[in-house]
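A quick write-up on the structure given underneath.
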Amino acid sequence: MSQIIPKKPLSVESNWQKELATAFTDPVSLLNYLNLPVDNFTKDIAARQLFPMRVPRPFANRMKKGDALDPLFLQIFTSKHEFNTSAGYSTDPLDEQNNNQPGVLHKYQNRLLLLVRGGCAVNCRYCFRRHFPYSDNHLNKHQWQEALQYIADNPQINEVIYSGGDPLMAKDDFLAWLTQEIEKIPHVIRLRIHTRLPVVIPSRITPELISWFSESRLKPVMVVHVNHANEIDNHLAEAVKKLTKAGVTVLNQSVLLKNVNHLAEHQIELCEKLFEIGVMPYYLHVLDKVEGAEHFDLPDSQATALLKEMIKHLPGYLVPKLVREIGGQPGKTPLDLNLHP
């Protein structure tokens with residue numbers, strides 16, 4: 001494997017980097033921007049110490065000002081409920097933190113995750129990796145070579161997934177290099193990116209990204225993360241159009257969240273709007289039981305009842321798979337609709 005040699009340093013910041021730099025990180029500033037009374041959120045603001053707040057302005061612009069129940073706001077604003085601890089919720093709900101190879105999660109037989117970057121453009125309060133030790137998985141040049149060699153030494157791996165954090169927090173020159181190195185491994189045939197960045201900062205879909213991702217011999221798949229139809233605007237639609245025009249398969253995964261998208265009308269509208277902009281619904285996850293996110297959780301019976309309503313009102317190709325991820329299992333576990341009449 002060759003050494004990491006970026007194509008060339010960026011002389012100026014890209015638009016997406018500038019937008020990232022101006023993200024809201026102070027809860028009070030976001031409340032003021034949204035015309036919400038700060039005094040009503042004193043106890044909620046304190047949860048910032050548990051998990052930092054970060055909200056890009058393009059995403060904040062889609063929130064309804066003056067509405068404390070806005071579904072986008074509820075996903076990202078600190079909450080006093082994050083201090084609650086209950087049996088069954090943990091800091092490592094998917095048993096990921098004891099990975100033997102830094103930066104690598106070989107969770108499934110033929111698919112491997114690379115933790116490309118630890119940070120995210122937006123800190124979703126329900127994040128199952130909100131307690132993940134990213135500092136222990138930040139790779140130096142030698143460790144990247146070891147990760148690539150691990151893939152080369154395991155011929156059953158035919159798909160590599162860029163994960164994180166958010167892998168698109170990395171610059172395009174690094175991602176281009178990494179992709180070129182993976183291309184050299186003959187048994188890898190697909191490259192998948194799991195990201196929320198195109199949703200919260202659509203300008204992240206740069207010509208450079210389109211180039212290294214779509215011109216690779218690897219079949220490109222991008223899985224975005226949209227939870228509510230209000231997250232979809234013209235900017236996201238344009239970003240998706242650039243991807244699909246370049247031959248990228250774009251899928252969506254969402255998380256079922258109490259008071260955010262738990263009604264059938266929420267999910268039906270989301271699936272219809274996703275298809276309208278060229279994105280196929282893929283997974284609807286029940287909440288991973290991570291400590292600090294219990295207030296978003298719903299019983300399985302409510303989740304399966306919701307899916308049954310979606311099946312009534314949507315064509316089959318627009319109904320996402322309702323799943324739970326269980327640490328150590330070889331794949332996602334579908335929820336059994338027959339268990340909850």
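Chain labels run A, B, ... following the order of the structure tokens; each chain numbers its residues from 1, and ligands are numbered from 1 in the order shown.
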Who sits within 8 Å of His228 in chain A, only C-alpha atoms, same chain under 6 positions skipped, as a list in words: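 With the cut-off at 8 Å, the set is Pro71, Leu72, Val260, Asn261, His266, Gln267 and Leu270 of chain A.
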Write out as a PyMOL selection string all residues of range 148-282 of chain A that DSSP puts in alpha helix (DSSP H) for this structure's backbone. chain A and resi 148-152+172-183+197-200+207-214+234-245+264-276
Return as a Markdown table the residues of range 26-103 of chain A lying at most 7 Å from range 271-289 of chain A, together with the closest atom-to-atom pair for each and the distance in Å to one decimal, counting only C-alpha atoms, with rows in chain order and ascending residue number.
```
| residue | atom | partner | partner_atom | distance |
| --- | --- | --- | --- | --- |
| A:Gly88 | CA | A:Lys289 | CA | 6.9 |
| A:Tyr89 | CA | A:Lys289 | CA | 4.8 |
| A:Ser90 | CA | A:Lys289 | CA | 6.6 |
| A:Pro93 | CA | A:Lys289 | CA | 5.7 |
```
Just the residues within 10 Å of range 237-252 of chain A, please, counting only C-alpha atoms, with nothing from its chain fewer than 4 positions along; format it as a short mmCIF file (atom, residue, chain, number, x, y, z; two decimals) with all heavy atoms, in the first residue's frame.
```
data_model
loop_
_atom_site.label_atom_id
_atom_site.label_comp_id
_atom_site.auth_asym_id
_atom_site.auth_seq_id
_atom_site.Cartn_x
_atom_site.Cartn_y
_atom_site.Cartn_z
N ARG A 192 -19.69 2.34 -0.07
CA ARG A 192 -20.88 2.98 0.48
C ARG A 192 -20.47 4.07 1.47
O ARG A 192 -19.52 3.89 2.23
CB ARG A 192 -21.75 1.93 1.19
CG ARG A 192 -23.14 2.45 1.51
CD ARG A 192 -23.94 1.58 2.46
NE ARG A 192 -23.74 0.14 2.39
CZ ARG A 192 -24.28 -0.69 3.29
NH1 ARG A 192 -25.01 -0.23 4.31
NH2 ARG A 192 -24.05 -2.00 3.20
N ILE A 193 -21.19 5.16 1.45
CA ILE A 193 -20.96 6.26 2.39
C ILE A 193 -22.23 6.48 3.21
O ILE A 193 -23.31 6.67 2.64
CB ILE A 193 -20.59 7.56 1.65
CG1 ILE A 193 -19.29 7.39 0.87
CG2 ILE A 193 -20.45 8.73 2.63
CD1 ILE A 193 -18.94 8.60 0.01
N HIS A 194 -22.09 6.47 4.51
CA HIS A 194 -23.20 6.81 5.41
C HIS A 194 -22.95 8.22 5.93
O HIS A 194 -21.95 8.46 6.61
CB HIS A 194 -23.29 5.82 6.56
CG HIS A 194 -23.94 4.53 6.20
ND1 HIS A 194 -24.73 3.82 7.08
CD2 HIS A 194 -23.95 3.82 5.04
CE1 HIS A 194 -25.20 2.72 6.47
NE2 HIS A 194 -24.73 2.70 5.24
N THR A 195 -23.87 9.13 5.65
CA THR A 195 -23.61 10.52 5.96
C THR A 195 -24.90 11.32 6.19
O THR A 195 -25.93 11.03 5.57
CB THR A 195 -22.81 11.19 4.82
OG1 THR A 195 -22.60 12.57 5.11
CG2 THR A 195 -23.54 11.06 3.48
N ARG A 196 -24.81 12.30 7.04
CA ARG A 196 -25.90 13.26 7.23
C ARG A 196 -25.51 14.63 6.69
O ARG A 196 -26.34 15.54 6.60
CB ARG A 196 -26.24 13.36 8.73
CG ARG A 196 -27.53 14.12 9.06
CD ARG A 196 -28.26 13.45 10.19
NE ARG A 196 -29.21 14.26 10.92
CZ ARG A 196 -30.46 14.53 10.52
NH1 ARG A 196 -30.88 14.11 9.33
NH2 ARG A 196 -31.27 15.24 11.27
N PRO A 198 -24.83 15.89 3.61
CA PRO A 198 -25.56 16.50 2.51
C PRO A 198 -26.94 17.03 2.91
O PRO A 198 -27.49 17.90 2.24
CB PRO A 198 -25.71 15.35 1.51
CG PRO A 198 -24.60 14.40 1.86
CD PRO A 198 -24.47 14.50 3.35
N VAL A 199 -27.49 16.49 4.01
CA VAL A 199 -28.79 16.95 4.50
C VAL A 199 -28.65 18.27 5.25
O VAL A 199 -29.41 19.21 5.02
CB VAL A 199 -29.44 15.88 5.41
CG1 VAL A 199 -30.80 16.35 5.92
CG2 VAL A 199 -29.56 14.55 4.68
N ILE A 201 -25.81 20.29 5.40
CA ILE A 201 -25.04 21.26 4.61
C ILE A 201 -25.00 20.73 3.17
O ILE A 201 -24.03 20.08 2.77
CB ILE A 201 -23.62 21.48 5.16
CG1 ILE A 201 -23.64 21.89 6.63
CG2 ILE A 201 -22.89 22.54 4.33
CD1 ILE A 201 -22.25 22.12 7.22
N PRO A 202 -26.02 20.99 2.37
CA PRO A 202 -26.06 20.42 1.02
C PRO A 202 -24.88 20.80 0.14
O PRO A 202 -24.54 20.05 -0.80
CB PRO A 202 -27.38 20.98 0.46
CG PRO A 202 -28.24 21.22 1.67
CD PRO A 202 -27.28 21.68 2.72
N SER A 203 -24.22 21.92 0.42
CA SER A 203 -23.08 22.33 -0.41
C SER A 203 -21.89 21.38 -0.27
O SER A 203 -20.90 21.51 -1.00
CB SER A 203 -22.64 23.75 -0.05
OG SER A 203 -22.21 23.84 1.30
N ARG A 204 -21.98 20.40 0.65
CA ARG A 204 -20.91 19.41 0.78
C ARG A 204 -20.79 18.55 -0.47
O ARG A 204 -19.74 17.95 -0.72
CB ARG A 204 -21.16 18.50 2.01
CG ARG A 204 -20.09 17.42 2.20
CD ARG A 204 -18.73 18.03 2.44
NE ARG A 204 -17.64 17.08 2.47
CZ ARG A 204 -16.90 16.73 1.42
NH1 ARG A 204 -17.18 17.23 0.21
NH2 ARG A 204 -15.89 15.91 1.56
N ILE A 205 -21.83 18.48 -1.28
CA ILE A 205 -21.76 17.70 -2.52
C ILE A 205 -21.03 18.56 -3.55
O ILE A 205 -21.65 19.28 -4.35
CB ILE A 205 -23.16 17.28 -2.99
CG1 ILE A 205 -23.87 16.50 -1.89
CG2 ILE A 205 -23.04 16.42 -4.25
CD1 ILE A 205 -23.11 15.27 -1.40
N THR A 206 -19.72 18.49 -3.51
CA THR A 206 -18.85 19.31 -4.36
C THR A 206 -18.53 18.58 -5.66
O THR A 206 -18.65 17.34 -5.74
CB THR A 206 -17.54 19.60 -3.62
OG1 THR A 206 -16.88 18.35 -3.35
CG2 THR A 206 -17.79 20.33 -2.30
N PRO A 207 -18.06 19.31 -6.66
CA PRO A 207 -17.60 18.63 -7.89
C PRO A 207 -16.48 17.63 -7.60
O PRO A 207 -16.41 16.57 -8.24
CB PRO A 207 -17.10 19.79 -8.76
CG PRO A 207 -17.87 20.98 -8.30
CD PRO A 207 -18.04 20.78 -6.82
N LEU A 209 -16.08 15.85 -4.85
CA LEU A 209 -16.69 14.65 -4.28
C LEU A 209 -17.32 13.80 -5.38
O LEU A 209 -17.12 12.57 -5.43
CB LEU A 209 -17.73 15.04 -3.23
CG LEU A 209 -18.41 13.90 -2.46
CD1 LEU A 209 -18.87 14.40 -1.09
CD2 LEU A 209 -19.59 13.30 -3.19
N ILE A 210 -18.07 14.44 -6.25
CA ILE A 210 -18.70 13.71 -7.35
C ILE A 210 -17.64 12.98 -8.17
O ILE A 210 -17.82 11.82 -8.57
CB ILE A 210 -19.49 14.68 -8.24
CG1 ILE A 210 -20.68 15.29 -7.48
CG2 ILE A 210 -19.97 13.97 -9.51
CD1 ILE A 210 -21.78 14.34 -7.16
N SER A 211 -16.51 13.62 -8.38
CA SER A 211 -15.46 13.05 -9.21
C SER A 211 -14.87 11.79 -8.60
O SER A 211 -14.87 10.72 -9.22
CB SER A 211 -14.36 14.10 -9.44
OG SER A 211 -13.28 13.53 -10.17
N PHE A 213 -15.89 9.93 -6.19
CA PHE A 213 -16.86 8.92 -5.79
C PHE A 213 -17.46 8.21 -7.01
O PHE A 213 -17.53 6.97 -7.04
CB PHE A 213 -17.97 9.58 -4.97
CG PHE A 213 -18.88 8.64 -4.24
CD1 PHE A 213 -18.44 7.41 -3.79
CD2 PHE A 213 -20.19 8.99 -3.98
CE1 PHE A 213 -19.28 6.54 -3.11
CE2 PHE A 213 -21.04 8.14 -3.30
CZ PHE A 213 -20.59 6.91 -2.86
N SER A 214 -17.84 8.95 -8.02
CA SER A 214 -18.56 8.35 -9.13
C SER A 214 -17.65 7.81 -10.23
O SER A 214 -18.06 6.97 -11.01
CB SER A 214 -19.53 9.37 -9.74
OG SER A 214 -18.82 10.44 -10.34
N GLU A 215 -16.41 8.28 -10.29
CA GLU A 215 -15.50 7.81 -11.34
C GLU A 215 -14.67 6.60 -10.91
O GLU A 215 -13.86 6.08 -11.68
CB GLU A 215 -14.59 8.96 -11.77
CG GLU A 215 -15.35 10.11 -12.44
CD GLU A 215 -14.48 11.30 -12.77
OE1 GLU A 215 -13.24 11.17 -12.66
OE2 GLU A 215 -15.02 12.36 -13.12
N LYS A 219 -18.70 0.42 -7.25
CA LYS A 219 -20.09 0.86 -7.40
C LYS A 219 -20.43 1.79 -6.25
O LYS A 219 -20.35 1.40 -5.08
CB LYS A 219 -21.03 -0.35 -7.41
CG LYS A 219 -22.50 0.01 -7.56
CD LYS A 219 -22.81 0.66 -8.89
CE LYS A 219 -24.29 0.97 -9.03
NZ LYS A 219 -24.59 1.70 -10.29
N PRO A 220 -20.83 3.06 -6.53
CA PRO A 220 -21.04 4.02 -5.46
C PRO A 220 -22.46 4.02 -4.90
O PRO A 220 -23.44 4.05 -5.65
CB PRO A 220 -20.73 5.36 -6.14
CG PRO A 220 -21.17 5.17 -7.56
CD PRO A 220 -20.91 3.70 -7.87
N VAL A 221 -22.56 3.98 -3.58
CA VAL A 221 -23.84 4.05 -2.88
C VAL A 221 -23.70 5.07 -1.76
O VAL A 221 -22.72 5.04 -1.01
CB VAL A 221 -24.24 2.68 -2.28
CG1 VAL A 221 -25.57 2.78 -1.54
CG2 VAL A 221 -24.28 1.60 -3.34
N MET A 222 -24.66 5.98 -1.66
CA MET A 222 -24.67 6.92 -0.55
C MET A 222 -25.96 6.74 0.24
O MET A 222 -27.06 6.74 -0.33
CB MET A 222 -24.55 8.37 -1.01
CG MET A 222 -24.52 9.37 0.16
SD MET A 222 -24.22 11.09 -0.35
CE MET A 222 -22.48 10.99 -0.79
N VAL A 223 -25.83 6.56 1.54
CA VAL A 223 -26.99 6.46 2.44
C VAL A 223 -27.04 7.74 3.25
O VAL A 223 -26.16 7.99 4.08
CB VAL A 223 -26.89 5.22 3.35
CG1 VAL A 223 -28.13 5.12 4.23
CG2 VAL A 223 -26.73 3.95 2.53
N VAL A 224 -28.07 8.55 2.98
CA VAL A 224 -28.24 9.78 3.75
C VAL A 224 -29.16 9.50 4.93
O VAL A 224 -29.70 8.40 5.07
CB VAL A 224 -28.78 10.91 2.86
CG1 VAL A 224 -27.77 11.27 1.78
CG2 VAL A 224 -30.13 10.54 2.24
N HIS A 225 -29.33 10.50 5.76
CA HIS A 225 -30.09 10.32 7.00
C HIS A 225 -31.07 11.48 7.15
O HIS A 225 -30.70 12.56 7.58
CB HIS A 225 -29.11 10.25 8.19
CG HIS A 225 -29.76 10.07 9.52
ND1 HIS A 225 -29.04 9.90 10.67
CD2 HIS A 225 -31.05 10.05 9.89
CE1 HIS A 225 -29.86 9.79 11.69
NE2 HIS A 225 -31.10 9.88 11.23
N VAL A 226 -32.30 11.22 6.74
CA VAL A 226 -33.39 12.19 6.86
C VAL A 226 -34.48 11.57 7.72
O VAL A 226 -34.95 10.47 7.44
CB VAL A 226 -33.97 12.55 5.47
CG1 VAL A 226 -35.05 13.63 5.60
CG2 VAL A 226 -32.88 13.02 4.52
N ASN A 227 -34.88 12.27 8.76
CA ASN A 227 -35.89 11.75 9.68
C ASN A 227 -37.28 12.34 9.48
O ASN A 227 -38.27 11.74 9.91
CB ASN A 227 -35.48 12.00 11.14
CG ASN A 227 -34.31 11.16 11.57
OD1 ASN A 227 -34.19 10.00 11.19
ND2 ASN A 227 -33.41 11.75 12.34
N ILE A 232 -36.22 18.20 4.03
CA ILE A 232 -36.02 18.19 2.58
C ILE A 232 -36.38 19.55 2.01
O ILE A 232 -37.51 20.03 2.17
CB ILE A 232 -36.88 17.09 1.93
CG1 ILE A 232 -36.50 15.72 2.49
CG2 ILE A 232 -36.73 17.12 0.42
CD1 ILE A 232 -37.41 14.59 2.05
N ASP A 233 -35.41 20.19 1.37
CA ASP A 233 -35.65 21.47 0.70
C ASP A 233 -35.02 21.44 -0.69
O ASP A 233 -34.46 20.41 -1.12
CB ASP A 233 -35.14 22.64 1.54
CG ASP A 233 -33.63 22.65 1.70
OD1 ASP A 233 -32.94 21.73 1.18
OD2 ASP A 233 -33.10 23.57 2.37
N CYS A 271 -41.46 9.45 3.09
CA CYS A 271 -41.14 8.51 2.01
C CYS A 271 -41.52 9.08 0.65
O CYS A 271 -40.79 8.92 -0.34
CB CYS A 271 -41.85 7.18 2.25
SG CYS A 271 -41.22 6.27 3.69
N LYS A 273 -41.71 12.29 -0.20
CA LYS A 273 -40.82 13.40 -0.54
C LYS A 273 -39.42 12.90 -0.91
O LYS A 273 -38.76 13.46 -1.77
CB LYS A 273 -40.74 14.41 0.62
CG LYS A 273 -41.91 15.36 0.68
CD LYS A 273 -41.59 16.57 1.55
CE LYS A 273 -42.66 17.64 1.42
NZ LYS A 273 -42.31 18.87 2.18
N LEU A 274 -38.97 11.85 -0.23
CA LEU A 274 -37.68 11.27 -0.57
C LEU A 274 -37.69 10.78 -2.02
O LEU A 274 -36.77 11.07 -2.79
CB LEU A 274 -37.35 10.11 0.37
CG LEU A 274 -36.92 10.47 1.78
CD1 LEU A 274 -36.91 9.23 2.67
CD2 LEU A 274 -35.54 11.13 1.79
N PHE A 275 -38.72 10.05 -2.38
CA PHE A 275 -38.80 9.52 -3.75
C PHE A 275 -38.88 10.65 -4.76
O PHE A 275 -38.31 10.57 -5.86
CB PHE A 275 -40.01 8.60 -3.87
CG PHE A 275 -40.08 7.90 -5.20
CD1 PHE A 275 -39.14 6.95 -5.54
CD2 PHE A 275 -41.09 8.19 -6.10
CE1 PHE A 275 -39.19 6.30 -6.77
CE2 PHE A 275 -41.15 7.55 -7.33
CZ PHE A 275 -40.20 6.61 -7.67
N GLU A 276 -39.57 11.72 -4.39
CA GLU A 276 -39.72 12.87 -5.29
C GLU A 276 -38.37 13.48 -5.66
O GLU A 276 -38.17 13.96 -6.78
CB GLU A 276 -40.61 13.92 -4.62
CG GLU A 276 -40.95 15.11 -5.48
CD GLU A 276 -41.87 16.08 -4.77
OE1 GLU A 276 -42.72 15.62 -3.97
OE2 GLU A 276 -41.76 17.30 -5.01
N ILE A 277 -37.40 13.45 -4.72
CA ILE A 277 -36.09 14.04 -5.01
C ILE A 277 -35.06 12.99 -5.45
O ILE A 277 -33.89 13.31 -5.65
CB ILE A 277 -35.54 14.85 -3.82
CG1 ILE A 277 -35.21 13.94 -2.63
CG2 ILE A 277 -36.51 15.95 -3.42
CD1 ILE A 277 -34.41 14.65 -1.53
N GLY A 278 -35.49 11.73 -5.59
CA GLY A 278 -34.60 10.71 -6.11
C GLY A 278 -33.91 9.85 -5.08
O GLY A 278 -32.87 9.23 -5.37
N VAL A 279 -34.48 9.76 -3.88
CA VAL A 279 -33.90 8.96 -2.80
C VAL A 279 -34.86 7.83 -2.46
O VAL A 279 -36.06 8.06 -2.29
CB VAL A 279 -33.62 9.81 -1.55
CG1 VAL A 279 -33.03 8.96 -0.44
CG2 VAL A 279 -32.72 10.98 -1.89
N MET A 280 -34.33 6.61 -2.34
CA MET A 280 -35.17 5.47 -1.98
C MET A 280 -35.13 5.22 -0.48
O MET A 280 -34.05 5.14 0.12
CB MET A 280 -34.70 4.21 -2.71
CG MET A 280 -34.92 4.24 -4.22
SD MET A 280 -36.66 4.43 -4.70
CE MET A 280 -37.36 2.91 -4.04
N PRO A 281 -36.29 5.08 0.17
CA PRO A 281 -36.31 4.67 1.58
C PRO A 281 -35.64 3.31 1.74
O PRO A 281 -35.88 2.41 0.93
CB PRO A 281 -37.80 4.62 1.91
CG PRO A 281 -38.46 5.49 0.88
CD PRO A 281 -37.64 5.32 -0.36
N TYR A 282 -34.84 3.17 2.78
CA TYR A 282 -34.01 1.97 2.97
C TYR A 282 -34.32 1.33 4.32
O TYR A 282 -34.88 0.25 4.39
CB TYR A 282 -32.56 2.39 2.83
CG TYR A 282 -31.49 1.35 3.06
CD1 TYR A 282 -31.64 0.03 2.65
CD2 TYR A 282 -30.30 1.71 3.68
CE1 TYR A 282 -30.64 -0.90 2.86
CE2 TYR A 282 -29.29 0.78 3.89
CZ TYR A 282 -29.46 -0.52 3.48
OH TYR A 282 -28.45 -1.42 3.69
N TYR A 283 -33.95 2.01 5.39
CA TYR A 283 -34.19 1.50 6.74
C TYR A 283 -34.94 2.53 7.58
O TYR A 283 -34.69 3.73 7.48
CB TYR A 283 -32.87 1.23 7.46
CG TYR A 283 -32.19 -0.08 7.12
CD1 TYR A 283 -30.82 -0.14 6.92
CD2 TYR A 283 -32.91 -1.27 7.03
CE1 TYR A 283 -30.17 -1.34 6.63
CE2 TYR A 283 -32.27 -2.48 6.74
CZ TYR A 283 -30.91 -2.49 6.54
OH TYR A 283 -30.29 -3.68 6.25
N LEU A 284 -35.84 2.02 8.42
CA LEU A 284 -36.40 2.79 9.52
C LEU A 284 -35.98 2.06 10.78
O LEU A 284 -36.42 0.94 11.05
CB LEU A 284 -37.93 2.86 9.42
CG LEU A 284 -38.66 3.52 10.60
CD1 LEU A 284 -38.18 4.96 10.80
CD2 LEU A 284 -40.18 3.49 10.39
N PRO A 320 -39.79 1.49 3.92
CA PRO A 320 -38.48 1.07 4.43
C PRO A 320 -38.60 -0.17 5.31
O PRO A 320 -39.68 -0.50 5.80
CB PRO A 320 -38.03 2.28 5.25
CG PRO A 320 -39.31 2.91 5.71
CD PRO A 320 -40.30 2.70 4.59
#
```
Applying 9 Å and only C-alpha atoms, which residues near range 42-57 of chain A remain after dropping the ones on its own chain fewer than 3 positions away? List them as a VMD selection string. chain A and resid 19 to 28 30 38 to 39 60 to 62 76 to 83 120 to 125 130 to 131 200 to 201 292
